[in-house]
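Next up, input.csv (CSV, C-alpha atoms):
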```
chain,number,residue,atom,x,y,z
A,1,MET,CA,0.0,0.0,0.0
A,2,GLN,CA,1.3,3.4,-1.0
A,3,ARG,CA,1.8,5.7,2.0
A,4,ARG,CA,1.4,9.2,0.7
A,5,ALA,CA,1.9,12.2,3.0
A,6,LEU,CA,1.7,14.9,0.4
A,7,LYS,CA,0.1,15.4,-3.0
A,8,TYR,CA,1.0,18.3,-5.3
A,9,LEU,CA,-1.9,20.1,-6.8
A,10,LYS,CA,-2.3,22.7,-9.5
A,11,PHE,CA,-2.8,25.2,-6.7
A,12,GLY,CA,0.7,24.7,-5.4
A,13,ASP,CA,2.8,22.9,-2.9
A,14,PRO,CA,0.5,21.9,0.1
A,15,ARG,CA,3.4,22.2,2.4
A,16,GLU,CA,3.0,26.0,2.1
A,17,VAL,CA,-0.2,26.8,3.9
A,18,THR,CA,-2.2,29.9,4.5
A,19,GLU,CA,-4.4,29.3,7.5
A,20,LEU,CA,-5.2,26.4,9.9
A,21,VAL,CA,-8.4,25.0,11.4
A,22,ASN,CA,-11.7,26.5,10.2
A,23,GLU,CA,-10.3,29.5,8.3
A,24,ASN,CA,-10.1,27.8,4.9
A,25,ILE,CA,-11.4,28.2,1.4
A,26,SER,CA,-11.9,25.7,-1.4
A,27,THR,CA,-10.5,27.6,-4.4
A,28,GLU,CA,-13.1,26.1,-6.7
A,29,LEU,CA,-15.7,23.4,-6.5
A,30,GLU,CA,-14.4,20.7,-8.9
A,31,SER,CA,-16.7,19.2,-11.4
A,32,TYR,CA,-16.4,15.6,-10.4
A,33,GLU,CA,-20.0,14.9,-9.4
A,34,ILE,CA,-22.8,16.8,-7.9
A,35,GLY,CA,-25.8,15.2,-6.4
A,36,SER,CA,-29.0,15.4,-8.4
A,37,SER,CA,-30.8,17.4,-5.6
A,38,VAL,CA,-28.0,20.0,-5.3
A,39,THR,CA,-29.3,23.4,-6.3
A,40,ARG,CA,-27.2,26.0,-4.5
A,41,VAL,CA,-23.8,25.4,-6.0
A,42,SER,CA,-22.5,24.5,-9.5
A,43,PRO,CA,-19.1,23.2,-10.8
A,44,GLY,CA,-16.6,26.1,-10.9
A,45,ASP,CA,-18.2,28.0,-8.1
A,46,LYS,CA,-15.9,29.4,-5.4
A,47,VAL,CA,-17.1,28.3,-2.0
A,48,VAL,CA,-16.1,28.2,1.7
A,49,ILE,CA,-16.8,25.2,3.9
A,50,PHE,CA,-18.7,26.3,7.0
A,51,ALA,CA,-19.0,23.3,9.3
A,52,LEU,CA,-17.8,22.3,12.8
A,53,ASN,CA,-15.6,19.6,11.2
A,54,SER,CA,-14.3,21.2,8.0
A,55,PRO,CA,-12.4,18.7,5.8
A,56,SER,CA,-9.3,20.8,5.6
A,57,TRP,CA,-6.0,19.4,4.2
A,58,SER,CA,-7.7,17.1,1.7
A,59,ASP,CA,-7.4,16.9,-2.1
A,60,VAL,CA,-11.0,15.8,-2.5
A,61,SER,CA,-13.9,15.9,0.0
A,62,VAL,CA,-17.5,14.8,0.0
A,63,VAL,CA,-19.5,17.5,1.8
A,64,GLU,CA,-23.1,18.3,2.4
A,65,GLU,CA,-24.5,21.1,0.3
A,66,GLY,CA,-25.6,22.8,3.4
A,67,ASP,CA,-22.0,23.0,4.6
A,68,LEU,CA,-21.0,25.1,1.6
A,69,ILE,CA,-21.3,28.8,1.2
A,70,LYS,CA,-21.0,30.2,-2.3
A,71,ILE,CA,-18.9,33.4,-2.4
A,72,ASP,CA,-18.1,35.9,-5.1
A,73,ASN,CA,-15.6,34.5,-7.6
A,74,ARG,CA,-13.7,37.8,-7.4
A,75,ILE,CA,-12.8,37.1,-3.8
A,76,THR,CA,-9.1,35.9,-3.6
A,77,PRO,CA,-8.2,32.8,-1.6
A,78,ASN,CA,-6.5,34.9,1.1
A,79,GLN,CA,-9.6,37.0,1.4
A,80,GLY,CA,-11.9,34.0,1.5
A,81,ALA,CA,-9.8,32.2,4.0
A,82,THR,CA,-10.3,34.9,6.6
A,83,MET,CA,-13.7,36.4,5.8
A,84,MET,CA,-15.8,33.9,7.8
A,85,VAL,CA,-14.5,34.7,11.3
A,86,ASN,CA,-13.6,38.3,12.2
A,87,PRO,CA,-15.8,40.5,9.9
A,88,PRO,CA,-19.0,38.5,10.6
A,89,THR,CA,-18.3,38.8,14.4
A,90,ALA,CA,-18.0,42.6,14.0
A,91,TRP,CA,-21.1,42.8,11.8
A,92,LEU,CA,-23.2,40.8,14.1
A,93,MET,CA,-22.3,42.8,17.2
A,94,MET,CA,-23.3,46.0,15.5
A,95,LYS,CA,-26.6,44.5,14.5
A,96,MET,CA,-27.2,43.3,18.0
A,97,GLY,CA,-26.4,46.7,19.4
A,98,GLY,CA,-29.1,48.4,17.2
A,99,MET,CA,-26.5,50.8,15.8
A,100,GLU,CA,-27.6,53.8,13.8
A,101,LYS,CA,-25.6,56.3,11.8
A,102,GLY,CA,-23.7,58.6,14.1
A,103,ASP,CA,-23.7,56.2,17.1
A,104,TRP,CA,-20.6,55.4,19.1
A,105,ILE,CA,-18.9,52.1,19.8
A,106,ILE,CA,-16.2,51.5,22.4
A,107,GLN,CA,-14.1,48.3,22.1
A,108,ASN,CA,-11.0,46.7,23.7
A,109,SER,CA,-8.6,44.6,21.8
A,110,ALA,CA,-9.0,47.1,19.0
A,111,ASN,CA,-5.9,46.0,17.1
A,112,SER,CA,-7.1,42.4,16.9
A,113,GLY,CA,-8.6,40.8,13.8
A,114,VAL,CA,-12.1,41.5,15.1
A,115,GLY,CA,-11.2,45.0,16.3
A,116,ARG,CA,-9.8,46.0,12.9
A,117,ALA,CA,-12.9,44.7,11.2
A,118,VAL,CA,-15.0,46.7,13.7
A,119,ILE,CA,-13.2,49.9,12.8
A,120,GLU,CA,-13.5,49.4,9.0
A,121,ILE,CA,-17.1,48.3,9.0
A,122,ALA,CA,-18.1,51.0,11.5
A,123,LYS,CA,-16.5,53.6,9.2
A,124,GLU,CA,-18.4,52.3,6.2
A,125,LYS,CA,-21.7,52.4,8.1
A,126,GLY,CA,-21.2,55.8,9.6
A,127,TYR,CA,-20.5,54.8,13.3
A,128,HIS,CA,-17.8,56.2,15.5
A,129,THR,CA,-15.3,54.1,17.4
A,130,ILE,CA,-13.3,54.5,20.7
A,131,ASN,CA,-10.6,51.9,20.5
A,132,ILE,CA,-8.7,50.6,23.5
A,133,VAL,CA,-5.3,48.9,23.1
A,134,ARG,CA,-2.5,47.8,25.4
A,135,ASP,CA,0.5,50.0,25.8
A,136,ARG,CA,3.7,49.0,23.9
A,137,PRO,CA,6.9,50.6,22.7
A,138,ASN,CA,5.5,51.4,19.2
A,139,ILE,CA,2.2,52.7,20.6
A,140,ASN,CA,2.1,55.9,18.5
A,141,GLU,CA,2.7,53.9,15.3
A,142,LEU,CA,-0.2,51.6,16.2
A,143,LYS,CA,-2.5,54.6,17.1
A,144,ASP,CA,-1.7,56.2,13.7
A,145,GLU,CA,-2.5,52.9,11.9
A,146,LEU,CA,-5.9,52.5,13.6
A,147,ILE,CA,-6.8,56.1,13.0
A,148,ARG,CA,-5.9,55.7,9.3
A,149,MET,CA,-8.2,52.7,9.1
A,150,GLY,CA,-11.1,54.9,10.3
A,151,GLY,CA,-10.9,54.8,14.1
A,152,ASP,CA,-12.0,58.1,15.8
A,153,VAL,CA,-10.2,57.7,19.1
A,154,VAL,CA,-7.4,55.3,20.1
A,155,LEU,CA,-6.4,55.1,23.8
A,156,THR,CA,-4.3,52.7,25.9
A,157,GLU,CA,-5.8,51.1,28.9
A,158,GLU,CA,-3.8,53.5,31.1
A,159,GLU,CA,-5.0,56.5,29.2
A,160,VAL,CA,-8.7,55.4,29.7
A,161,LYS,CA,-8.2,55.7,33.4
A,162,ASN,CA,-7.4,59.4,33.0
A,163,GLU,CA,-9.2,60.4,29.9
A,164,GLY,CA,-12.2,58.0,29.8
A,165,LYS,CA,-14.5,60.3,31.7
A,166,LYS,CA,-14.8,62.7,28.8
A,167,TYR,CA,-16.4,59.8,26.8
A,168,LYS,CA,-18.7,58.5,29.5
A,169,GLY,CA,-22.3,58.2,28.3
A,170,ARG,CA,-21.3,58.5,24.6
A,171,PRO,CA,-21.0,54.8,23.5
A,172,LYS,CA,-24.2,52.9,22.8
A,173,LEU,CA,-22.3,49.6,22.3
A,174,ALA,CA,-19.3,48.1,24.1
A,175,MET,CA,-17.4,45.2,22.5
A,176,ASN,CA,-15.4,43.0,24.8
A,177,GLY,CA,-12.8,40.6,23.7
A,178,VAL,CA,-10.5,40.8,26.7
A,179,GLY,CA,-12.4,40.5,30.0
A,180,GLY,CA,-11.0,41.4,33.5
A,181,LYS,CA,-10.5,45.1,34.3
A,182,SER,CA,-10.7,46.0,30.6
A,183,CYS,CA,-14.3,44.8,30.5
A,184,LEU,CA,-15.0,46.9,33.6
A,185,GLN,CA,-13.5,50.0,31.9
A,186,ILE,CA,-15.5,49.9,28.7
A,187,SER,CA,-18.8,48.8,30.3
A,188,SER,CA,-18.5,51.7,32.8
A,189,LEU,CA,-18.4,54.2,29.9
A,190,LEU,CA,-21.6,53.1,28.2
A,191,ALA,CA,-24.6,55.3,27.7
A,192,ARG,CA,-27.7,54.6,29.8
A,193,GLY,CA,-29.4,51.5,28.4
A,194,GLY,CA,-26.3,50.6,26.4
A,195,MET,CA,-25.2,47.1,25.5
A,196,LEU,CA,-22.0,45.2,26.4
A,197,ILE,CA,-21.3,42.3,24.1
A,198,THR,CA,-18.5,39.8,24.9
A,199,TYR,CA,-17.0,37.7,22.1
A,200,GLY,CA,-13.8,36.6,23.8
A,201,GLY,CA,-11.6,36.5,26.9
A,202,MET,CA,-8.0,37.1,25.9
A,203,SER,CA,-6.9,38.0,29.4
A,204,LYS,CA,-8.2,34.7,30.7
A,205,LYS,CA,-9.8,36.6,33.6
A,206,ALA,CA,-13.4,36.8,34.6
A,207,HIS,CA,-15.4,39.6,32.9
A,208,GLU,CA,-15.9,42.4,35.4
A,209,ILE,CA,-19.0,44.7,35.3
A,210,SER,CA,-19.8,47.2,38.0
A,211,THR,CA,-23.0,47.1,40.0
A,212,SER,CA,-23.8,50.7,39.2
A,213,ALA,CA,-23.5,50.0,35.4
A,214,LEU,CA,-26.0,47.1,35.7
A,215,VAL,CA,-28.4,48.6,38.3
A,216,PHE,CA,-28.4,52.3,37.8
A,217,ASN,CA,-27.2,52.6,34.2
A,218,ASN,CA,-29.4,49.7,33.1
A,219,ILE,CA,-26.9,48.2,30.7
A,220,THR,CA,-27.4,44.9,29.0
A,221,ALA,CA,-24.6,42.3,29.0
A,222,VAL,CA,-24.7,39.4,26.5
A,223,GLY,CA,-22.2,37.1,24.8
A,224,ILE,CA,-22.1,35.9,21.2
A,225,ALA,CA,-20.5,33.0,19.1
A,226,ASN,CA,-20.8,34.0,15.5
A,227,GLY,CA,-20.6,30.4,14.2
A,228,VAL,CA,-23.4,29.3,16.4
A,229,TRP,CA,-25.6,32.2,15.2
A,230,MET,CA,-24.8,31.5,11.5
A,231,MET,CA,-25.7,27.8,11.9
A,232,ASP,CA,-29.1,28.5,13.2
A,233,PRO,CA,-31.6,28.1,10.3
A,234,ALA,CA,-33.7,31.0,11.8
A,235,ASN,CA,-30.8,33.4,11.0
A,236,LYS,CA,-30.3,32.2,7.4
A,237,LYS,CA,-31.8,35.3,5.7
A,238,GLU,CA,-29.8,37.8,7.9
A,239,SER,CA,-26.7,35.7,7.5
A,240,ASP,CA,-27.0,35.9,3.7
A,241,ILE,CA,-27.4,39.7,3.9
A,242,MET,CA,-24.3,39.9,6.2
A,243,LEU,CA,-22.1,37.8,3.9
A,244,SER,CA,-23.2,39.8,0.9
A,245,GLU,CA,-22.3,43.1,2.6
A,246,ILE,CA,-19.0,41.8,3.9
A,247,GLN,CA,-18.0,40.4,0.5
A,248,ALA,CA,-18.8,43.8,-1.1
A,249,CYS,CA,-16.7,45.6,1.5
A,250,ILE,CA,-13.8,43.2,0.9
A,251,PHE,CA,-13.9,43.4,-2.8
A,252,TYR,CA,-14.0,47.2,-2.8
A,253,LEU,CA,-11.2,47.3,-0.2
A,254,LEU,CA,-13.4,48.9,2.4
A,255,VAL,CA,-12.5,45.9,4.7
A,256,HIS,CA,-9.0,44.5,4.4
A,257,SER,CA,-7.9,40.9,5.0
A,258,ARG,CA,-5.3,40.2,7.5
A,259,THR,CA,-1.8,39.8,6.2
A,260,LEU,CA,-1.2,36.1,6.0
A,261,HIS,CA,2.2,34.3,6.2
A,262,GLN,CA,2.8,31.0,4.5
A,263,ARG,CA,4.5,28.3,6.5
A,264,GLN,CA,5.9,25.0,5.7
A,265,ILE,CA,3.9,22.1,7.2
A,266,PHE,CA,7.0,20.7,9.0
A,267,VAL,CA,7.4,24.1,10.8
A,268,MET,CA,3.9,23.7,12.3
A,269,ALA,CA,4.5,20.0,13.3
A,270,LYS,CA,4.9,19.1,17.0
A,271,ASN,CA,8.2,17.7,18.1
```

What does the file become when written as structure tokens?
Amino acid sequence: MQRRALKYLKFGDPREVTELVNENISTELESYEIGSSVTRVSPGDKVVIFALNSPSWSDVSVVEEGDLIKIDNRITPNQGATMMVNPPTAWLMMKMGGMEKGDWIIQNSANSGVGRAVIEIAKEKGYHTINIVRDRPNINELKDELIRMGGDVVLTEEEVKNEGKKYKGRPKLAMNGVGGKSCLQISSLLARGGMLITYGGMSKKAHEISTSALVFNNITAVGIANGVWMMDPANKKESDIMLSEIQACIFYLLVHSRTLHQRQIFVMAKN
């Protein structure tokens, strides 16, 4: 029996990879066979596989039609490989927050993939953003970068302690991907009746919210998992609208893909 570890394809050497796990794109749906009842995709379509157990790292896969999402053929592989995680999370949080043109958002982890998507999508929709980042040696360079992307205000966590009061009551929506004291900071600056949405916990600390924010400022605190939301059939129509908007933003360079670095497979292997 032949023991084959690698197979060279027309798309290149598979030892050079773009992304791991669920961030993947099938460059095109090959015209081997399509079931007679398949109606949503056709041979030659560009698709992403959206399932909990995506068959990554395979030359040929048999997948359910419902696990394929057809995307614009103009979307590049790098763009397609990253469009299903960060931009949808940003878009969904804005929808949940009931944002309207001119409203303000405050977010921590503003230089993360989600944070950058928030800045660019918010700019396109006419929302304003207050962006919190950790201090670092090149902080001014990072601030300038996020401002160029469309951020209105960029502050370090230390600066929020001193300057945050001037923004208190302005944000309608707070996006929390860090937790701990950072969550306490942004939730305390929300407008009355505002919403705190948690999508991550990078600090690995419990999410802190003050009693006064909950009781006297009447804020709402919720969590989201974009993948769970998209897999709910009840959200299919809104999910399609979301993906259509995101693809348009990506194609017209209103939302930019993360810079991806190719790595040899043996570099990623465990010792």

Within 12 Å of range 239-243 of chain A, counting only C-alpha atoms, which residues show up once you throw out same-chain ones fewer than 3 positions away? Write them as a PyMOL selection string, please. chain A and resi 48+69-72+80+83-95+121+226-236+246-251

Could you tell me how far CA of Ile147 in chain A lies from CA of Gly97 in chain A, in Å and to one decimal?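 Separation of CA of Ile147 in chain A and CA of Gly97 in chain A: 22.7 Å.
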
Could you list as a list of chain:residue names every residue that has an atom within 8 Å of (-8.4, 50.2, 24.4), using the file's coordinates and counting all atoms listed in the file?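 Applying the cut-off with all atoms listed in the file, one gets A:Gln107, A:Asn108, A:Ser109, A:Ala110, A:Ile130, A:Asn131, A:Ile132, A:Val133, A:Arg134, A:Val154, A:Leu155, A:Thr156, A:Glu157, A:Val160, A:Ser182.
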
Go through A:Lys172, A:Lys46, A:Lys205, A:Arg74 one by one, measure the shortest atom-to-atom distance of each to Trp104 in chain A using all atoms listed in the file, and give the residue with the smallest value.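 Closest residue, counting all atoms listed in the file: A:Lys172.
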
Go through A:His207, A:Leu68, A:Val118, A:Tyr199 and flag the residue nearest Gln185 in chain A, using only C-alpha atoms for the distances.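 Comparing A:His207, A:Leu68, A:Val118, A:Tyr199 against Gln185 in chain A, the winner is A:His207.
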
Could you work out how far CA of Ile106 in chain A lies from CA of Leu214 in chain A, giving the answer in Å with one decimal?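 A separation of 17.1 Å between them.
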
Nearest to Lys143 in chain A, chosen from A:Asn73, A:Thr82, A:Asn111, A:Ile209, with all atoms listed in the file counted in the distances: A:Asn111

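CA of Gly200 in chain A sits 7.5 Å away from CA of Gly179 in chain A.
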
Of the candidates A:Gly115, A:Gly66, A:Gly180, A:Gly223, which one gets nearest to Ser210 in chain A if we count only C-alpha atoms?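 For Ser210 in chain A, the nearest of the given residues is A:Gly180.
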
List every protein, DNA or RNA residue with an atom no more than 12 Å from (-20.5, 53.8, 6.7) in the file's coordinates, counting only C-alpha atoms, and format the result as a list in words. Met99, Glu100, Lys101, Gly102, Asp103, Val118, Ile119, Glu120, Ile121, Ala122, Lys123, Glu124, Lys125, Gly126, Tyr127, His128, Thr129, Gly150, Glu245, Cys249, Leu254 and Val255 of chain A

Among the residues A:Leu196, A:Ile105, A:Met149, A:Ala206, the one that comes closest to Lys181 in chain A [using all atoms listed in the file]: A:Ala206

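Nearest to Arg116 in chain A of all the residues A:Ser61, A:Leu146, A:Arg40, A:Lys237 is A:Leu146, based on all atoms listed in the file.
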